[in-house]
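Data from my_file32.txt: compact mmCIF, C-alpha atoms and all ligand atoms
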```txt
# COMPACT_ATOMS: atom_id res chain seq x y z
CA MET Y 4 43.24 91.93 199.07
CA LYS Y 5 46.23 90.58 197.21
CA ILE Y 6 49.98 90.67 197.83
CA LEU Y 7 52.60 89.80 195.23
CA VAL Y 8 55.59 88.24 196.99
CA THR Y 9 58.77 87.98 194.95
CA CYS Y 10 61.96 86.06 195.75
CA PHE Y 11 65.21 85.47 193.85
CA ASP Y 12 66.98 82.44 192.44
CA PRO Y 13 70.36 81.47 193.96
CA PHE Y 14 73.39 83.62 193.10
CA GLY Y 15 77.02 84.10 194.06
CA GLY Y 16 77.82 80.38 194.21
CA GLU Y 17 75.05 79.47 196.69
CA SER Y 18 72.93 76.40 195.92
CA VAL Y 19 69.78 77.92 197.44
CA ASN Y 20 68.37 81.38 197.95
CA PRO Y 21 66.76 81.58 201.42
CA ALA Y 22 64.13 83.95 200.04
CA SER Y 23 62.84 81.25 197.68
CA VAL Y 24 62.93 78.60 200.38
CA VAL Y 25 60.91 80.82 202.73
CA VAL Y 26 58.41 82.02 200.11
CA ASP Y 27 57.78 78.40 199.11
CA ARG Y 28 56.78 77.63 202.70
CA LEU Y 29 54.32 80.51 203.07
CA PRO Y 30 50.59 79.74 203.08
CA GLY Y 31 48.39 80.90 200.20
CA GLU Y 32 46.57 83.42 202.38
CA ILE Y 33 47.66 85.60 205.30
CA ALA Y 34 45.34 87.90 207.28
CA GLY Y 35 42.74 87.85 204.51
CA ALA Y 36 45.24 88.67 201.75
CA SER Y 37 45.87 86.13 199.02
CA LEU Y 38 49.52 85.59 198.12
CA VAL Y 39 50.84 85.48 194.57
CA LYS Y 40 54.36 84.02 194.71
CA LEU Y 41 56.91 84.78 192.02
CA GLU Y 42 60.56 83.77 191.71
CA ILE Y 43 62.54 86.29 189.68
CA PRO Y 44 66.08 85.95 188.29
CA THR Y 45 69.03 87.60 190.03
CA VAL Y 46 69.54 89.63 186.87
CA PHE Y 47 69.46 93.41 186.42
CA TYR Y 48 66.37 94.64 184.49
CA LYS Y 49 64.98 91.12 183.74
CA SER Y 50 63.96 90.96 187.41
CA ILE Y 51 62.05 94.24 187.09
CA GLU Y 52 60.43 93.25 183.79
CA LYS Y 53 59.16 89.96 185.21
CA THR Y 54 57.79 91.69 188.32
CA ILE Y 55 56.07 94.45 186.32
CA LYS Y 56 54.43 91.82 184.10
CA ALA Y 57 53.05 90.11 187.23
CA ILE Y 58 51.88 93.48 188.62
CA ASP Y 59 50.02 94.18 185.36
CA GLU Y 60 48.42 90.72 185.32
CA GLU Y 61 47.61 90.32 189.00
CA LYS Y 62 46.90 93.94 190.02
CA PRO Y 63 48.00 93.37 193.62
CA ASP Y 64 47.39 95.80 196.50
CA PHE Y 65 50.92 95.22 197.84
CA VAL Y 66 54.27 94.05 196.47
CA LEU Y 67 56.81 92.59 198.89
CA SER Y 68 60.17 91.57 197.46
CA ILE Y 69 62.49 89.38 199.50
CA GLY Y 70 66.18 88.64 198.99
CA GLN Y 71 69.24 87.16 200.66
CA ALA Y 72 71.67 89.40 202.52
CA GLY Y 73 74.43 86.96 203.46
CA GLY Y 74 76.26 88.18 206.54
CA ARG Y 75 73.39 90.18 208.01
CA THR Y 76 72.37 88.95 211.43
CA ARG Y 77 68.62 89.57 211.37
CA ILE Y 78 65.60 90.26 209.21
CA SER Y 79 66.23 93.68 207.62
CA VAL Y 80 63.30 95.77 206.51
CA GLU Y 81 64.59 98.21 203.91
CA ARG Y 82 63.60 101.86 204.18
CA ILE Y 83 64.93 103.13 200.84
CA GLY Y 84 65.91 102.07 197.33
CA ILE Y 85 68.46 104.24 195.49
CA ASN Y 86 68.82 104.99 191.78
CA CYS Y 87 72.14 103.20 191.37
CA ASP Y 88 73.43 99.85 190.09
CA ASP Y 89 76.97 99.09 191.26
CA ALA Y 90 77.66 95.35 191.28
CA ARG Y 91 80.44 93.79 193.38
CA ILE Y 92 79.86 90.43 191.64
CA PRO Y 93 78.27 89.75 188.24
CA ASP Y 94 74.54 88.94 188.18
CA ASN Y 95 73.33 85.54 186.95
CA GLU Y 96 73.78 86.64 183.33
CA GLY Y 97 77.24 88.13 183.80
CA GLN Y 98 76.27 91.80 183.97
CA SER Y 99 78.33 93.99 186.32
CA PRO Y 100 77.06 97.59 186.12
CA ASP Y 101 79.52 100.08 187.57
CA ASN Y 102 77.81 103.08 189.21
CA ILE Y 103 74.99 103.35 186.64
CA PRO Y 104 71.56 104.93 187.29
CA ILE Y 105 68.66 102.44 187.13
CA ASP Y 106 66.41 105.09 185.53
CA LYS Y 107 68.38 108.06 184.17
CA ASP Y 108 65.27 110.25 184.42
CA GLY Y 109 64.16 108.90 187.80
CA PRO Y 110 64.52 110.47 191.26
CA ALA Y 111 67.61 109.74 193.38
CA ALA Y 112 65.66 107.39 195.63
CA HIS Y 113 62.28 106.01 196.59
CA PHE Y 114 61.17 105.30 200.16
CA ALA Y 115 59.31 102.04 200.77
CA THR Y 116 55.58 102.73 200.87
CA ILE Y 117 54.71 99.85 203.22
CA ASP Y 118 54.75 100.76 206.92
CA VAL Y 119 58.34 99.68 207.61
CA LYS Y 120 58.22 100.50 211.33
CA ALA Y 121 55.03 98.48 211.83
CA VAL Y 122 56.84 95.49 210.30
CA VAL Y 123 59.97 95.85 212.46
CA LYS Y 124 57.92 96.41 215.62
CA THR Y 125 55.77 93.35 214.93
CA LEU Y 126 58.80 91.12 214.46
CA MET Y 127 60.59 92.45 217.55
CA ALA Y 128 57.44 92.14 219.66
CA HIS Y 129 57.25 88.47 218.66
CA GLY Y 130 60.87 87.86 219.68
CA ILE Y 131 62.24 87.67 216.14
CA PRO Y 132 65.51 89.57 215.54
CA ALA Y 133 64.71 92.38 213.08
CA GLU Y 134 65.98 95.80 212.13
CA LEU Y 135 65.13 98.79 210.00
CA SER Y 136 67.88 99.09 207.37
CA ASN Y 137 68.83 102.28 205.57
CA THR Y 138 70.52 100.59 202.63
CA ALA Y 139 69.52 97.69 200.41
CA GLY Y 140 72.98 97.88 198.78
CA THR Y 141 73.54 98.55 195.08
CA TYR Y 142 73.06 95.04 193.65
CA VAL Y 143 69.93 93.35 192.28
CA CYS Y 144 67.90 93.68 195.51
CA ASN Y 145 68.19 97.46 195.59
CA HIS Y 146 67.56 97.37 191.83
CA ILE Y 147 64.20 95.58 192.26
CA MET Y 148 63.18 97.73 195.21
CA TYR Y 149 63.88 100.97 193.33
CA GLY Y 150 62.48 99.56 190.06
CA VAL Y 151 59.14 98.47 191.54
CA LEU Y 152 58.65 101.69 193.54
CA ASN Y 153 59.64 103.75 190.49
CA HIS Y 154 57.16 101.90 188.27
CA ILE Y 155 54.37 102.39 190.83
CA ALA Y 156 55.19 106.11 191.29
CA LYS Y 157 55.50 106.83 187.56
CA ASN Y 158 52.18 105.15 186.78
CA ARG Y 159 50.44 106.37 189.96
CA LEU Y 160 49.34 102.84 190.83
CA PRO Y 161 47.42 102.23 194.06
CA ILE Y 162 50.00 99.71 195.29
CA LYS Y 163 52.23 99.78 198.37
CA ALA Y 164 55.62 98.15 198.02
CA GLY Y 165 58.70 97.29 200.03
CA PHE Y 166 61.70 95.03 200.39
CA ILE Y 167 62.97 92.69 203.10
CA HIS Y 168 66.48 91.22 203.25
CA ILE Y 169 66.94 87.95 205.13
CA PRO Y 170 70.14 86.28 206.39
CA PHE Y 171 71.52 82.92 205.30
CA ILE Y 172 69.57 79.86 206.48
CA SER Y 173 71.30 77.21 208.60
CA GLU Y 174 72.25 74.88 205.70
CA GLN Y 175 74.12 77.74 203.98
CA ALA Y 176 76.20 78.44 207.10
CA VAL Y 177 77.49 74.87 207.48
CA GLY Y 178 80.76 75.44 205.62
CA LYS Y 179 81.22 79.10 206.65
CA ALA Y 180 82.87 79.89 209.96
CA ASN Y 181 81.64 82.90 211.96
CA THR Y 182 78.75 83.57 209.60
CA ALA Y 183 75.33 84.65 210.82
CA PHE Y 184 72.27 82.58 209.95
CA MET Y 185 68.69 82.03 211.05
CA PRO Y 186 66.67 78.81 210.96
CA VAL Y 187 64.26 78.63 208.05
CA GLU Y 188 61.29 78.05 210.40
CA GLU Y 189 61.98 81.30 212.24
CA LEU Y 190 62.45 83.23 209.00
CA THR Y 191 59.20 81.83 207.64
CA LYS Y 192 57.36 82.85 210.82
CA GLY Y 193 58.99 86.28 210.54
CA ILE Y 194 57.93 86.82 206.93
CA GLU Y 195 54.41 85.63 207.73
CA LEU Y 196 54.23 88.19 210.56
CA ALA Y 197 55.71 90.84 208.27
CA ILE Y 198 52.98 90.23 205.69
CA ARG Y 199 50.36 90.45 208.43
CA ALA Y 200 51.76 93.86 209.44
CA ILE Y 201 51.96 95.03 205.81
CA VAL Y 202 48.37 94.19 204.95
CA SER Y 203 46.91 95.43 208.26
CA PRO Y 204 49.38 97.91 209.85
CA GLU Y 205 46.57 99.36 212.01
CA ASP Y 206 46.59 96.14 214.06
CA VAL Y 207 50.16 96.79 215.21
CA ALA Y 208 50.08 100.58 215.60
CA ASP Y 209 50.07 100.39 219.39
CA ILE Y 210 53.06 98.07 219.85
CA GLU Y 211 55.66 99.94 221.93
CA VAL Y 212 59.11 98.84 220.70
CA GLU Y 213 62.20 100.98 220.10
CA THR Y 214 63.33 100.28 216.54
CA ARG Y 215 66.22 102.78 216.39
CA THR Y 216 69.30 100.75 217.22
CA HIS Y 217 71.99 102.92 215.61
N1 LIG F 301 70.14 89.13 197.17
C1 LIG F 301 70.90 90.01 196.32
C2 LIG F 301 70.26 89.88 194.97
C3 LIG F 301 69.45 88.63 195.02
C4 LIG F 301 69.34 88.31 196.44
O1 LIG F 301 68.62 87.43 196.94
C5 LIG F 301 71.04 91.44 196.85
O2 LIG F 301 71.04 91.63 198.08
O3 LIG F 301 71.18 92.37 196.07
```
In structure tokens, how does this file's structure come out?
Ligand code: PCA
Amino acid sequence: MKILVTCFDPFGGESVNPASVVVDRLPGEIAGASLVKLEIPTVFYKSIEKTIKAIDEEKPDFVLSIGQAGGRTRISVERIGINCDDARIPDNEGQSPDNIPIDKDGPAAHFATIDVKAVVKTLMAHGIPAELSNTAGTYVCNHIMYGVLNHIAKNRLPIKAGFIHIPFISEQAVGKANTAFMPVEELTKGIELAIRAIVSPEDVADIEVETRTH
């Protein structure tokens, strides 16, 4: 079994992206699945192209993309990617799409095909703050989530995919008052557990945790 794990480069004036820091710390194998790690640019379309190239070369069983959601208080497992680019700040190449479809012929949205509830339950059962999120936003993270799921659906590939947003890490919160963060060690443990649940969701099917918080 193989899982492609993507993360982004820093954006929006940050000097690190917690997703890259965490992915760097992950072992090469989790629960019998080998990890292929890939940093992609925080750039509309280029991020999808680079990920699709890796999918074609590596033929993974799963694709998990990870990105920073500054301000969120916990690990957010995304349920859905929508067919819309609407950037509040320019991407790393200065593009600011304004309410543009990602694929003009594509469906309005794609649900994650990983077992999102198994991931949230696993994290909560291990005492790691986590939530199921119903929006990945309309910036490059939603773009990659929709783009990867759309590519898999269009080409009927036997690959499950999903997206996880993570908060700032401690070092990013130093100069920001009243801003949520999680220690990198806890985030790394959380993503490792998430990958375990993604590659073998049957192992966590019987965990009794209420994931509906809203
Ligand atoms: N987070 C951004 C894009 C890159 C990243 O790490 C987002 O939430 O869209």
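Across the structure, CA of Ser136 in chain Y and CA of Asp118 in chain Y are spaced 13.2 Å apart.
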To check your reading of the model: which residues sit at most 6 Å from ligand LIG 301 (chain F) when counting only C-alpha atoms and all ligand atoms? Write the answer as a ChimeraX atom specification. /Y:11,45,70-72,142-145
Please list as a PyMOL selection string every residue within 7 Å of Arg199 in chain Y, counting all atoms listed in the file and excluding residues in the same chain fewer than 4 positions away. chain Y and resi 33-34+195+203
Would you kindly return, as a ChimeraX atom specification, each protein, DNA or RNA residue with an atom no farther than 12 Å from any atom of Ile105 in chain Y, considering all atoms listed in the file and excluding same-chain residues fewer than 2 positions away? /Y:47-48,51,84-89,100-103,107-113,141-143,145-154
Which polymer residues have any atom within 8 Å of an atom of range 156-163 of chain Y, counting all atoms listed in the file, with same-chain residues fewer than 2 positions away left out, as an NGL selection string? :Y and (63-66 or 115-117 or 152-154 or 165)
Taking all atoms listed in the file into account, name the residue in Y:Pro44, Y:Ile69, Y:Lys49, Y:Lys62 that is nearest to Met4 in chain Y. Y:Lys62
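For the pair CA of Gly130 in chain Y and CA of Leu29 in chain Y, the interatomic distance is 19.3 Å.
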Give me, please, the distance in Å between CA of Leu7 in chain Y and CA of Val39 in chain Y, quoted to one decimal. 4.7 Å
If we count all atoms listed in the file and set the cut-off at 7 Å, which residues sit around Pro132 in chain Y, ignoring sequence neighbours fewer than 2 positions away in its own chain? Please answer as an NGL selection string. :Y and (77-78 or 126-127 or 130)
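Using all atoms listed in the file, the nearest neighbour of Asp206 in chain Y within the list Y:Ala133, Y:Val177, Y:Ala121, Y:Leu41 is Y:Ala121.
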Find the spatial neighbours of Ala197 in chain Y, counting all atoms listed in the file, within a cut-off of 8 Å - ignore same-chain residues fewer than 6 positions away - and output them as an NGL selection string. :Y and (122-123 or 125-126)
Take every atom of range 142-152 of chain Y listed in the file, pad by 8 Å on each side, and give me the axis-aligned box centre and edge lengths in Å, one decimal, as lines of an AutoDock Vina configuration file.
```
center_x = 65.9
center_y = 97.5
center_z = 192.8
size_x = 30.4
size_y = 24.3
size_z = 21.5
```
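With all atoms listed in the file as the atoms that count, the residue of Y:Ile198, Y:Glu61, Y:Glu188, Y:Thr9 with the shortest distance to Ser173 in chain Y is Y:Glu188.
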Considering all atoms listed in the file, can you say which of Y:Pro170, Y:Pro104, Y:Pro186, Y:Gly15 comes closest to Arg91 in chain Y? Y:Gly15
Which of these residues is nearest to Ala128 in chain Y, using only C-alpha atoms: Y:Ile155, Y:Gly178, Y:Phe171, Y:Leu196?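 That would be Y:Leu196, the residue with the smallest distance to Ala128 in chain Y.
Proximity to Asp27 in chain Y was assessed for Y:Ile131, Y:Val8, Y:Ala164, Y:Ala176 counting all atoms listed in the file; the smallest distance is recorded for Y:Val8.
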Hey, could you patch up range 27-39 of chain Y with N, CA, C and O atoms and hand it over as an mmCIF file, keeping the file's coordinate frame?
```cif
data_model
loop_
_atom_site.group_PDB
_atom_site.id
_atom_site.type_symbol
_atom_site.label_atom_id
_atom_site.label_comp_id
_atom_site.auth_asym_id
_atom_site.auth_seq_id
_atom_site.Cartn_x
_atom_site.Cartn_y
_atom_site.Cartn_z
ATOM 1 N N ASP Y 27 58.380 79.701 199.398
ATOM 2 C CA ASP Y 27 57.780 78.400 199.110
ATOM 3 C C ASP Y 27 56.971 77.867 200.283
ATOM 4 O O ASP Y 27 55.958 77.190 200.104
ATOM 5 N N ARG Y 28 57.431 78.156 201.493
ATOM 6 C CA ARG Y 28 56.780 77.630 202.700
ATOM 7 C C ARG Y 28 55.598 78.460 203.182
ATOM 8 O O ARG Y 28 54.899 78.052 204.102
ATOM 9 N N LEU Y 29 55.407 79.641 202.602
ATOM 10 C CA LEU Y 29 54.320 80.510 203.070
ATOM 11 C C LEU Y 29 52.961 79.952 202.654
ATOM 12 O O LEU Y 29 52.846 79.357 201.581
ATOM 13 N N PRO Y 30 51.934 80.172 203.489
ATOM 14 C CA PRO Y 30 50.590 79.740 203.080
ATOM 15 C C PRO Y 30 50.072 80.587 201.927
ATOM 16 O O PRO Y 30 50.670 81.618 201.588
ATOM 17 N N GLY Y 31 48.949 80.175 201.342
ATOM 18 C CA GLY Y 31 48.390 80.900 200.200
ATOM 19 C C GLY Y 31 47.632 82.146 200.601
ATOM 20 O O GLY Y 31 47.329 82.994 199.755
ATOM 21 N N GLU Y 32 47.318 82.252 201.897
ATOM 22 C CA GLU Y 32 46.570 83.420 202.380
ATOM 23 C C GLU Y 32 47.054 83.803 203.767
ATOM 24 O O GLU Y 32 47.292 82.936 204.606
ATOM 25 N N ILE Y 33 47.239 85.104 203.985
ATOM 26 C CA ILE Y 33 47.660 85.600 205.300
ATOM 27 C C ILE Y 33 46.806 86.814 205.639
ATOM 28 O O ILE Y 33 46.743 87.771 204.862
ATOM 29 N N ALA Y 34 46.161 86.782 206.795
ATOM 30 C CA ALA Y 34 45.340 87.900 207.280
ATOM 31 C C ALA Y 34 44.364 88.404 206.205
ATOM 32 O O ALA Y 34 44.222 89.614 206.006
ATOM 33 N N GLY Y 35 43.741 87.479 205.507
ATOM 34 C CA GLY Y 35 42.740 87.850 204.510
ATOM 35 C C GLY Y 35 43.311 88.276 203.165
ATOM 36 O O GLY Y 35 42.559 88.571 202.241
ATOM 37 N N ALA Y 36 44.622 88.297 203.045
ATOM 38 C CA ALA Y 36 45.240 88.670 201.750
ATOM 39 C C ALA Y 36 45.709 87.405 201.042
ATOM 40 O O ALA Y 36 46.373 86.557 201.659
ATOM 41 N N SER Y 37 45.364 87.291 199.748
ATOM 42 C CA SER Y 37 45.870 86.130 199.020
ATOM 43 C C SER Y 37 47.267 86.439 198.488
ATOM 44 O O SER Y 37 47.567 87.569 198.089
ATOM 45 N N LEU Y 38 48.118 85.419 198.538
ATOM 46 C CA LEU Y 38 49.520 85.590 198.120
ATOM 47 C C LEU Y 38 49.695 85.113 196.683
ATOM 48 O O LEU Y 38 49.229 84.025 196.323
ATOM 49 N N VAL Y 39 50.384 85.920 195.884
ATOM 50 C CA VAL Y 39 50.840 85.480 194.570
ATOM 51 C C VAL Y 39 52.360 85.409 194.681
ATOM 52 O O VAL Y 39 53.010 86.420 194.960
#
```
